[in-house]
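Participant: Take a look at query.cif, mmCIF, C-alpha atoms:
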```
data_entry
#
loop_
_atom_site.label_atom_id
_atom_site.label_comp_id
_atom_site.auth_asym_id
_atom_site.auth_seq_id
_atom_site.Cartn_x
_atom_site.Cartn_y
_atom_site.Cartn_z
CA MET A 961 85.28 42.68 114.52
CA LEU A 962 86.50 43.83 111.13
CA THR A 963 86.69 41.72 108.03
CA LYS A 964 89.81 40.14 106.51
CA PRO A 965 92.00 41.88 103.92
CA ILE A 966 90.71 41.16 100.41
CA ASP A 967 93.85 39.25 99.38
CA GLU A 968 93.11 36.67 102.07
CA LEU A 969 89.69 35.92 100.60
CA ASN A 970 90.87 34.50 97.28
CA ALA A 971 88.19 36.52 95.50
CA LEU A 972 88.25 37.42 91.83
CA ALA A 973 85.94 40.38 92.28
CA HIS A 974 84.68 42.50 95.14
CA SER A 975 82.67 45.62 95.82
CA GLY A 976 81.67 47.66 98.84
CA LEU A 977 78.63 49.55 100.00
CA GLY A 978 77.93 51.69 103.03
CA ILE A 979 74.45 52.17 104.43
CA GLY A 980 73.68 53.80 107.74
CA GLY A 981 77.28 53.58 108.90
CA VAL A 982 77.47 49.85 108.13
CA ARG A 983 80.05 48.83 105.54
CA VAL A 984 79.33 45.69 103.54
CA ARG A 985 81.75 43.93 101.20
CA LEU A 986 80.57 41.53 98.53
CA TYR A 987 83.08 39.16 96.98
CA GLY A 988 82.74 36.47 94.36
CA GLY A 989 83.89 34.99 91.11
CA SER A 990 82.96 37.73 88.67
CA ASP A 991 82.15 41.40 88.41
CA ALA A 992 78.51 40.48 87.75
CA ASP A 993 78.37 38.65 91.08
CA VAL A 994 79.37 41.72 93.01
CA ALA A 995 77.49 44.30 90.97
CA LEU A 996 75.22 46.63 92.92
CA MET A 997 71.59 47.43 92.29
CA PRO A 998 71.18 50.81 90.54
CA THR A 999 69.48 52.14 93.64
CA ILE A 1000 72.41 51.05 95.81
CA GLU A 1001 75.08 52.31 93.43
CA PRO A 1002 75.20 55.78 95.07
CA PHE A 1003 76.05 53.98 98.31
CA ARG A 1004 79.12 52.28 96.82
CA ILE A 1005 82.23 52.83 98.91
CA GLU A 1006 85.92 52.05 98.77
CA ALA A 1007 87.34 50.96 102.10
CA ASN A 1008 90.10 48.86 103.58
CA ALA A 1009 87.96 47.43 106.35
CA PHE A 1010 84.33 46.37 106.41
CA ASP A 1011 81.77 45.41 109.04
CA ILE A 1012 80.17 42.62 107.01
CA ASP A 1013 81.68 40.26 104.43
CA ILE A 1014 79.34 38.43 102.08
CA GLN A 1015 80.57 35.80 99.65
CA ILE A 1016 78.46 35.31 96.53
CA GLU A 1017 78.20 31.65 95.58
CA TRP A 1018 76.25 29.99 92.75
CA VAL A 1019 74.85 26.55 93.59
CA GLY A 1020 72.95 24.05 91.45
CA ASN A 1021 69.80 24.17 93.53
CA ILE A 1022 68.70 25.33 96.97
CA PRO A 1023 66.58 22.72 98.74
CA HIS A 1024 64.04 23.80 101.32
CA ALA A 1025 65.64 24.55 104.66
CA GLN A 1026 65.72 21.80 107.28
CA GLY A 1027 66.60 23.97 110.28
CA CYS A 1028 64.17 25.24 112.89
CA GLN A 1029 62.06 28.01 111.43
CA MET A 1030 62.32 31.26 113.38
CA PHE A 1031 60.13 33.56 111.33
CA ASP A 1032 57.92 33.54 108.27
CA SER A 1033 57.34 36.97 106.77
CA GLY A 1034 54.22 35.77 105.00
CA THR A 1035 55.55 37.39 101.85
CA THR A 1036 58.77 36.45 100.14
CA TRP A 1037 61.21 35.46 102.86
CA ARG A 1038 61.63 33.08 105.78
CA LEU A 1039 64.22 32.86 108.53
CA TYR A 1040 65.52 29.69 110.15
CA GLU A 1041 68.46 28.38 112.14
CA ALA A 1042 71.37 27.38 109.94
CA GLU A 1043 75.15 27.29 109.95
CA PRO A 1044 76.87 29.61 110.76
CA GLY A 1045 73.87 31.08 112.60
CA LEU A 1046 70.86 32.18 110.59
CA GLY A 1047 69.49 31.52 107.12
CA PHE A 1048 67.23 33.81 105.12
CA ASP A 1049 65.44 32.16 102.19
CA VAL A 1050 63.80 34.25 99.50
CA SER A 1051 61.24 32.64 97.21
CA SER A 1052 59.06 33.70 94.34
CA ALA A 1053 56.37 31.74 92.53
CA VAL A 1054 57.81 32.98 89.26
CA ARG A 1055 61.17 31.39 90.03
CA GLY A 1056 59.85 28.01 91.07
CA PRO A 1057 59.05 26.19 94.30
CA ASN A 1058 62.52 26.38 95.85
CA PRO A 1059 64.23 29.46 97.27
CA PHE A 1060 65.97 31.38 94.52
CA THR A 1061 68.43 32.89 96.94
CA ARG A 1062 69.63 32.11 100.45
CA LEU A 1063 71.68 34.25 102.82
CA LEU A 1064 73.59 32.33 105.47
CA VAL A 1065 75.03 34.63 108.09
CA ASP A 1066 76.56 34.47 111.54
CA ARG A 1067 74.62 35.73 114.55
CA GLY A 1068 76.82 38.79 114.86
CA PHE A 1069 76.00 39.70 111.25
CA SER A 1070 79.64 40.09 110.33
CA SER A 1071 80.11 37.45 107.64
CA GLY A 1072 78.05 35.17 105.48
CA THR A 1073 77.38 33.54 102.15
CA LEU A 1074 74.75 34.56 99.64
CA GLN A 1075 73.79 31.49 97.65
CA MET A 1076 72.18 31.88 94.24
CA ASN A 1077 70.06 29.07 92.82
CA GLU A 1078 71.31 28.31 89.28
CA GLU A 1079 68.21 26.25 88.47
CA CYS A 1080 65.88 29.15 89.28
CA PHE A 1081 67.88 31.60 87.23
CA SER A 1082 68.18 29.26 84.25
CA VAL A 1083 64.38 29.21 83.94
CA LEU A 1084 64.07 32.96 84.14
CA PRO A 1085 67.44 34.63 83.67
CA SER A 1086 67.96 37.85 85.51
CA ALA A 1087 70.49 40.57 85.00
CA ALA A 1088 69.77 41.86 88.48
CA PRO A 1089 72.73 41.78 90.88
CA PRO A 1090 72.54 39.06 93.58
CA LEU A 1091 72.13 41.32 96.60
CA GLY A 1092 68.72 42.90 96.15
CA TYR A 1093 65.60 43.71 98.08
CA PRO A 1094 64.63 42.48 100.64
CA LEU A 1095 67.94 40.80 101.58
CA ASP A 1096 69.94 44.01 101.50
CA GLU A 1097 67.57 45.73 103.91
CA LEU A 1098 67.19 42.63 106.09
CA LEU A 1099 70.95 42.35 106.42
CA ILE A 1100 71.40 45.98 107.46
CA MET A 1101 68.33 45.92 109.72
CA HIS A 1102 69.66 42.90 111.61
CA ARG A 1103 73.17 44.30 111.81
CA LEU A 1104 71.81 47.49 113.40
CA THR A 1105 70.74 45.41 116.40
CA GLN A 1106 74.45 44.92 117.14
CA GLU A 1107 75.06 48.65 117.19
CA ARG A 1108 73.37 51.65 118.74
CA ALA A 1109 71.07 52.16 115.81
CA ILE A 1110 67.61 51.65 114.40
CA GLU A 1111 65.82 51.97 111.07
CA LEU A 1112 62.71 54.14 111.09
CA HIS A 1113 59.86 54.67 108.66
CA GLY A 1114 60.40 58.32 107.95
CA VAL A 1115 61.62 61.17 105.82
CA GLY A 1116 64.81 62.95 106.86
CA ILE A 1117 65.18 66.57 105.79
CA VAL A 1118 68.12 68.94 106.09
CA GLY A 1119 66.46 72.32 105.84
CA PRO A 1120 67.45 75.58 104.17
CA ASN A 1121 68.88 76.90 107.43
CA GLY A 1122 70.78 73.70 108.13
CA ALA A 1123 68.19 72.56 110.67
CA THR A 1124 67.55 68.84 110.56
CA ASN A 1125 64.14 67.28 111.06
CA LEU A 1126 63.00 63.71 110.91
CA PHE A 1127 59.32 63.13 110.09
CA VAL A 1128 58.26 59.64 111.08
CA GLY A 1129 55.04 57.99 110.01
CA HIS A 1130 53.24 54.87 108.92
CA SER A 1131 52.28 54.46 105.29
CA GLY A 1132 49.75 57.14 104.42
CA ALA A 1133 50.78 59.46 107.26
CA GLY A 1134 52.23 62.06 104.90
CA LYS A 1135 55.94 61.27 104.39
CA SER A 1136 55.86 61.62 100.60
CA THR A 1137 53.65 64.69 100.88
CA THR A 1138 56.08 66.23 103.34
CA ALA A 1139 59.06 65.55 101.07
CA ARG A 1140 57.20 67.02 98.11
CA LEU A 1141 56.15 70.18 99.99
CA TRP A 1142 59.61 70.86 101.34
CA THR A 1143 61.37 70.37 98.01
CA ALA A 1144 58.83 72.57 96.25
CA LEU A 1145 59.30 75.44 98.67
CA HIS A 1146 62.95 75.36 99.73
CA LYS A 1147 66.36 74.13 98.78
CA VAL A 1148 66.63 71.14 101.05
CA GLU A 1149 68.33 67.77 101.13
CA ILE A 1150 66.11 64.73 101.59
CA LEU A 1151 68.18 61.86 102.97
CA SER A 1152 65.35 59.44 102.23
CA ASP A 1153 61.60 59.81 101.86
CA ASP A 1154 60.81 56.43 103.37
CA ARG A 1155 63.60 54.83 105.42
CA ILE A 1156 66.02 56.61 107.74
CA ILE A 1157 68.63 55.01 109.95
CA VAL A 1158 69.07 56.78 113.27
CA ARG A 1159 72.17 56.04 115.25
CA GLU A 1160 75.24 57.14 117.11
CA ARG A 1161 78.15 57.42 114.74
CA PRO A 1162 80.57 54.51 114.49
CA ALA A 1163 83.84 55.24 116.30
CA ARG A 1164 85.75 55.49 113.03
CA GLU A 1165 83.59 58.47 111.96
CA LEU A 1166 84.36 60.48 115.10
CA GLN A 1167 86.75 63.41 115.06
CA PRO A 1168 88.62 64.62 118.14
CA GLY A 1169 86.19 66.55 120.34
CA ASP A 1170 83.08 64.93 118.87
CA ASP A 1171 80.39 63.74 121.26
CA PRO A 1172 80.06 59.99 120.59
CA ARG A 1173 76.52 60.02 122.03
CA GLN A 1174 75.24 62.57 119.53
CA ILE A 1175 72.42 61.10 117.45
CA PHE A 1176 72.64 61.24 113.66
CA MET A 1177 70.26 60.32 110.87
CA TYR A 1178 71.52 58.55 107.76
CA GLY A 1179 69.98 58.31 104.32
CA THR A 1180 69.24 54.90 102.84
CA PRO A 1181 68.63 53.54 99.34
CA TRP A 1182 65.14 52.34 100.30
CA HIS A 1183 63.15 55.33 99.21
CA GLY A 1184 59.51 56.19 98.72
CA GLU A 1185 57.48 57.55 95.86
CA GLY A 1186 59.67 60.62 95.50
CA CYS A 1187 62.79 58.47 94.98
CA PHE A 1188 64.84 60.52 97.46
CA ALA A 1189 67.88 58.60 98.65
CA LEU A 1190 71.18 60.18 99.66
CA PRO A 1191 74.28 58.47 101.04
CA GLN A 1192 74.72 61.20 103.64
CA ARG A 1193 74.20 61.78 107.33
CA ALA A 1194 73.25 64.77 109.47
CA PRO A 1195 72.96 65.42 113.20
CA LEU A 1196 69.37 64.88 114.27
CA GLN A 1197 67.78 67.88 115.98
CA ARG A 1198 64.04 67.13 116.10
CA ILE A 1199 61.64 64.30 115.43
CA PHE A 1200 58.01 64.70 114.41
CA ILE A 1201 55.43 61.93 114.38
CA LEU A 1202 53.31 62.72 111.35
CA GLU A 1203 49.57 62.52 111.24
CA HIS A 1204 46.98 64.24 109.09
CA GLY A 1205 44.90 66.77 111.01
CA HIS A 1206 43.87 70.37 111.28
CA GLY A 1207 45.78 73.48 112.25
CA ASN A 1208 49.39 72.26 112.08
CA LEU A 1209 49.63 71.50 115.77
CA PHE A 1210 52.62 70.27 117.74
CA THR A 1211 52.32 68.18 120.87
CA ARG A 1212 55.48 67.39 122.82
CA LEU A 1213 55.72 63.70 123.62
CA THR A 1214 56.92 62.31 126.91
CA ARG A 1215 59.85 59.92 126.96
CA SER A 1216 57.69 56.83 127.17
CA GLN A 1217 55.28 58.08 124.51
CA MET A 1218 58.19 58.80 122.22
CA VAL A 1219 59.74 55.38 122.65
CA GLY A 1220 56.41 53.70 121.98
CA GLU A 1221 55.52 55.79 118.95
CA LEU A 1222 58.95 55.40 117.36
CA PHE A 1223 59.04 51.67 118.05
CA ALA A 1224 55.72 51.33 116.24
CA ARG A 1225 57.33 52.96 113.21
CA ALA A 1226 60.62 51.09 113.34
CA PHE A 1227 61.97 48.18 111.37
CA VAL A 1228 63.08 45.79 114.06
CA PRO A 1229 63.62 42.03 113.82
CA PHE A 1230 60.78 40.94 116.09
CA HIS A 1231 61.75 37.28 116.15
CA ARG A 1232 64.29 37.57 118.97
CA HIS A 1233 63.80 39.40 122.23
CA GLU A 1234 67.44 40.54 122.27
CA TYR A 1235 66.84 42.52 119.10
CA VAL A 1236 63.70 44.10 120.50
CA ASP A 1237 65.55 44.94 123.73
CA SER A 1238 68.34 46.52 121.70
CA ALA A 1239 65.85 48.63 119.77
CA LEU A 1240 64.02 49.82 122.89
CA SER A 1241 67.26 50.65 124.70
CA PHE A 1242 68.47 52.70 121.81
CA LEU A 1243 65.14 54.52 121.46
CA GLU A 1244 65.43 55.49 125.13
CA ARG A 1245 68.80 57.04 124.34
CA VAL A 1246 67.24 58.93 121.45
CA ALA A 1247 64.41 60.11 123.68
CA ASP A 1248 66.92 61.46 126.19
CA THR A 1249 68.68 63.49 123.52
CA VAL A 1250 66.29 64.54 120.76
CA PRO A 1251 62.94 66.29 121.31
CA CYS A 1252 59.97 64.60 119.72
CA TYR A 1253 56.54 65.98 118.83
CA ARG A 1254 53.35 64.71 117.37
CA TYR A 1255 52.67 66.86 114.32
CA SER A 1256 49.08 67.05 113.20
CA PHE A 1257 49.40 68.80 109.87
CA GLU A 1258 47.51 70.00 106.84
CA PRO A 1259 49.22 69.20 103.55
CA ASP A 1260 50.05 72.63 102.23
CA GLU A 1261 52.94 75.07 102.41
CA ARG A 1262 51.89 76.40 105.82
CA ALA A 1263 52.87 73.05 107.29
CA VAL A 1264 56.46 73.61 106.14
CA GLU A 1265 56.68 77.18 107.39
CA ARG A 1266 55.20 76.13 110.70
CA VAL A 1267 58.03 73.69 111.27
CA LEU A 1268 60.67 76.16 110.11
CA ASN A 1269 59.39 78.76 112.55
CA PHE A 1270 58.65 76.39 115.39
CA ARG A 1271 60.50 77.10 118.62
CA GLU A 1272 59.45 75.43 121.80
CA MET B 1489 79.38 74.38 139.16
CA ASP B 1490 78.83 72.76 142.53
CA LEU B 1491 77.86 69.16 143.12
CA ASP B 1492 74.24 69.92 144.00
CA SER B 1493 73.49 71.79 140.79
CA LYS B 1494 75.17 69.03 138.78
CA ARG B 1495 72.98 66.50 140.53
CA THR B 1496 69.86 68.56 139.82
CA GLU B 1497 70.78 68.83 136.15
CA SER B 1498 71.28 65.13 135.72
CA LYS B 1499 68.08 64.26 137.56
CA ARG B 1500 65.35 63.20 135.15
CA THR B 1501 61.82 64.50 135.66
CA TYR B 1502 59.67 61.84 137.30
CA GLU B 1503 57.26 60.31 134.88
CA PRO B 1504 54.51 58.29 136.53
CA PRO B 1505 53.83 54.86 135.02
CA GLN B 1506 51.16 54.94 132.39
CA LEU B 1507 49.55 52.46 130.06
CA THR B 1508 49.56 53.57 126.43
CA THR B 1509 48.25 51.62 123.48
CA ILE B 1510 50.51 51.85 120.47
CA SER B 1511 49.26 50.56 117.14
CA LEU B 1512 51.75 48.34 115.38
CA ARG B 1513 51.57 47.70 111.64
CA PRO B 1514 53.14 44.30 111.15
CA GLU B 1515 52.39 44.36 107.45
CA GLU B 1516 54.68 47.37 107.20
CA ALA B 1517 57.33 46.25 109.65
CA VAL B 1518 57.94 42.96 107.85
CA LEU B 1519 59.89 43.58 104.70
CA GLY B 1520 59.18 41.69 101.59
CA ALA B 1521 56.48 43.29 99.55
CA CYS B 1522 56.80 46.05 97.01
CA LYS B 1523 54.66 49.12 97.67
CA VAL B 1524 54.25 49.71 93.96
CA PHE B 1525 52.00 46.69 93.84
CA GLY B 1526 49.83 47.95 96.62
CA HIS B 1527 51.74 46.56 99.58
CA SER B 1528 53.80 48.38 102.14
CA GLY B 1529 57.53 48.18 102.57
CA GLY B 1530 60.39 48.18 100.13
CA GLY B 1531 60.45 51.76 99.01
CA ILE B 1532 62.29 50.95 95.78
CA SER B 1533 59.83 51.26 93.01
CA GLN B 1534 59.26 51.09 89.31
CA LEU B 1535 58.28 54.72 89.49
CA CYS B 1536 61.98 55.46 89.31
CA GLY B 1537 62.41 53.70 86.00
CA LEU B 1538 64.89 51.28 87.50
CA GLY B 1539 62.74 48.18 87.55
CA CYS B 1540 61.68 46.37 90.67
CA PRO B 1541 64.49 44.41 92.31
CA ASN B 1542 61.97 42.22 94.02
CA ALA B 1543 61.13 40.58 90.74
CA GLY B 1544 58.22 38.23 90.69
CA SER B 1545 57.16 38.70 94.26
#
```
Could I get this structure in the form of structure tokens?
Facilitator:
Amino acid sequence: MLTKPIDELNALAHSGLGIGGVRVRLYGGSDADVALMPTIEPFRIEANAFDIDIQIEWVGNIPHAQGCQMFDSGTTWRLYEAEPGLGFDVSSAVRGPNPFTRLLVDRGFSSGTLQMNEECFSVLPSAAPPLGYPLDELLIMHRLTQERAIELHGVGIVGPNGATNLFVGHSGAGKSTTARLWTALHKVEILSDDRIIVRERPARELQPGDDPRQIFMYGTPWHGEGCFALPQRAPLQRIFILEHGHGNLFTRLTRSQMVGELFARAFVPFHRHEYVDSALSFLERVADTVPCYRYSFEPDERAVERVLNFRE
Amino acid sequence: MDLDSKRTESKRTYEPPQLTTISLRPEEAVLGACKVFGHSGGGISQLCGLGCPNAGS
């Protein structure tokens, strides 16, 4: 379901962003309300239709949620049941005991309200735009469960010959090292050095003759140490599970191994089984289409050349 | 292409059931902490000179 035309929203200001094929519109009472984080600015889009509409609303205070708690991240955010579906509360000791921001969103992740706590921001004013980390990533991550898509912990590289490789790995597996080696040796495009969205393209991005089942990888603004973040996509040809080792060795993974290994390196809302089911189903589709290898590599230039010359 | 060869092409190789242990990293999968401060997740960092959007957390 697409969002309403902007003139029906009675909004004084609005802006749009597109991440991983998901288009989000923010609307509110001022330009400051709908400003984008500097890291998200490259992902700004102009569009007539959006997938998600978020109204920015300033409220005097945000009391602690009364609804049934569904998930506690143990860090800065909590999730609970709330009208019109779910509520995400973000807190910080610096900003006081109450949540400083709350995202109320429907269960289809198509519309919602982002409440900002005036009391919290009067104590410690912030010039930061309302939609920031982690809510921006949480919103997209949850929305991906409604589409054939998933967010993976990885670095996506479009190589000098146009070949596209996705290197997936936990923290410390070598994603930043891989990005650094490739950029030092070749003219490449790094879609992100930490978070890649893998998906089938939305119908609106398809041209006549395109295969709608073809898997693409999309850059995101949530980058790693190298600060690589491009608002671009590329067809995904190969996936490598990174691990430090000796000899730059490839091991082809079976379908079930691939699904398991990718799931372990995915950002999936674990609090509802439907979302987990959606993630696993999509990973099976990826496994049927894209070859995946475990890559035990040594962090030097030979690791790059090995991938470039690798043919199964 | 005849029907038999089509059927052969679409047939997936049998993969016997197997039990594999996959290590999850919940501390990475749950967003909310900034890796600049020694936690995982939230790639945006002060290293980029943009300030941390996850202020105070």
Participant: Just to confirm, what's the straight-line distance from CA of Glu1043 (chain A) to CA of Pro965 (chain A) in Å (one decimal)?
Facilitator: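 Computed distance, CA of Glu1043 (chain A) to CA of Pro965 (chain A), equals 23.1 Å.
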Participant: Using only C-alpha atoms, I'd like every residue of chain A that has an atom within 6 Å of chain B; please write them out as a ChimeraX atom specification.
Facilitator: /A:1035-1036,1052,1054,1092-1094,1182-1184,1224,1227
Participant: Store the residues picked out above in a file with C-alpha atoms, as an mmCIF file, keeping the file's coordinate frame.
Facilitator:
```cif
data_model
loop_
_atom_site.group_PDB
_atom_site.id
_atom_site.type_symbol
_atom_site.label_atom_id
_atom_site.label_comp_id
_atom_site.auth_asym_id
_atom_site.auth_seq_id
_atom_site.Cartn_x
_atom_site.Cartn_y
_atom_site.Cartn_z
ATOM 1 C CA THR A 1035 55.550 37.390 101.850
ATOM 2 C CA THR A 1036 58.770 36.450 100.140
ATOM 3 C CA SER A 1052 59.060 33.700 94.340
ATOM 4 C CA VAL A 1054 57.810 32.980 89.260
ATOM 5 C CA GLY A 1092 68.720 42.900 96.150
ATOM 6 C CA TYR A 1093 65.600 43.710 98.080
ATOM 7 C CA PRO A 1094 64.630 42.480 100.640
ATOM 8 C CA TRP A 1182 65.140 52.340 100.300
ATOM 9 C CA HIS A 1183 63.150 55.330 99.210
ATOM 10 C CA GLY A 1184 59.510 56.190 98.720
ATOM 11 C CA ALA A 1224 55.720 51.330 116.240
ATOM 12 C CA PHE A 1227 61.970 48.180 111.370
#
```
Participant: What does the structure give for the distance between CA of Glu1165 (chain A) and CA of Ile1005 (chain A), in Å to one decimal?
Facilitator: 14.3 Å
Participant: Choose the residue, out of A:Glu1107, A:Phe1270, A:His1231, A:Arg1198, that has the smallest atom-to-atom separation from Leu1039 (chain A); count only C-alpha atoms.
Facilitator: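 Among A:Glu1107, A:Phe1270, A:His1231, A:Arg1198, it is A:His1231 that comes nearest to Leu1039 (chain A).
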Participant: Can you find the residues with an atom no farther than 12 Å from (64.1, 22.2, 108.6), counting all atoms listed in the file, and report them as a list in words?
Facilitator: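 Residues satisfying the cut-off, written out: Pro1023, His1024, Ala1025, Gln1026, Gly1027, Cys1028, Gln1029, Met1030, Arg1038, Leu1039, Tyr1040, Glu1041, Ala1042, Gly1047 and Asp1049 of chain A.
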Participant: Neighbours of His1102 (chain A) within 10 Å (only C-alpha atoms; same-chain residues fewer than 4 positions away dropped), as a count of residues only?
Facilitator: 13
Participant: Just the residues within 8 Å of region 1055-1065 of chain A, please, counting only C-alpha atoms, with nothing from its chain fewer than 4 positions along; format it as a PyMOL selection string.
Facilitator: (chain A and resi 1021-1024+1042-1051+1069-1077+1080-1081+1083-1084+1095) or (chain B and resi 1544)
Participant: Would you mind writing region 1243-1260 of chain A with N, CA and C atoms, as a compact mmCIF listing (two decimals), in the frame of the given file?
Facilitator:
```
# COMPACT_ATOMS: atom_id res chain seq x y z
N LEU A 1243 66.18 53.47 121.55
CA LEU A 1243 65.14 54.52 121.46
C LEU A 1243 65.09 55.34 122.75
N GLU A 1244 65.37 54.72 123.88
CA GLU A 1244 65.43 55.49 125.13
C GLU A 1244 66.56 56.51 125.07
N ARG A 1245 67.67 56.11 124.48
CA ARG A 1245 68.80 57.04 124.34
C ARG A 1245 68.40 58.19 123.43
N VAL A 1246 67.70 57.87 122.36
CA VAL A 1246 67.24 58.93 121.45
C VAL A 1246 66.30 59.87 122.19
N ALA A 1247 65.40 59.29 122.96
CA ALA A 1247 64.41 60.11 123.68
C ALA A 1247 65.08 61.03 124.70
N ASP A 1248 66.21 60.63 125.22
CA ASP A 1248 66.92 61.46 126.19
C ASP A 1248 67.66 62.62 125.52
N THR A 1249 67.83 62.53 124.21
CA THR A 1249 68.68 63.49 123.52
C THR A 1249 67.93 64.39 122.55
N VAL A 1250 66.95 63.82 121.85
CA VAL A 1250 66.29 64.54 120.76
C VAL A 1250 64.83 64.78 121.12
N PRO A 1251 64.36 66.03 121.03
CA PRO A 1251 62.94 66.29 121.31
C PRO A 1251 62.05 65.69 120.23
N CYS A 1252 60.88 65.25 120.66
CA CYS A 1252 59.97 64.60 119.72
C CYS A 1252 58.55 65.14 119.90
N TYR A 1253 57.89 65.39 118.81
CA TYR A 1253 56.54 65.98 118.83
C TYR A 1253 55.62 65.20 117.92
N ARG A 1254 54.37 65.16 118.31
CA ARG A 1254 53.35 64.71 117.37
C ARG A 1254 52.99 65.92 116.51
N TYR A 1255 52.96 65.73 115.20
CA TYR A 1255 52.67 66.86 114.32
C TYR A 1255 51.43 66.54 113.51
N SER A 1256 50.35 67.20 113.90
CA SER A 1256 49.08 67.05 113.20
C SER A 1256 49.02 68.14 112.14
N PHE A 1257 49.18 67.77 110.89
CA PHE A 1257 49.40 68.80 109.87
C PHE A 1257 48.39 68.75 108.72
N GLU A 1258 48.30 69.90 108.06
CA GLU A 1258 47.51 70.00 106.84
C GLU A 1258 48.48 70.08 105.67
N PRO A 1259 48.22 69.33 104.62
CA PRO A 1259 49.22 69.20 103.55
C PRO A 1259 49.28 70.39 102.61
N ASP A 1260 49.77 71.49 103.12
CA ASP A 1260 50.05 72.63 102.23
C ASP A 1260 51.28 73.35 102.77
```
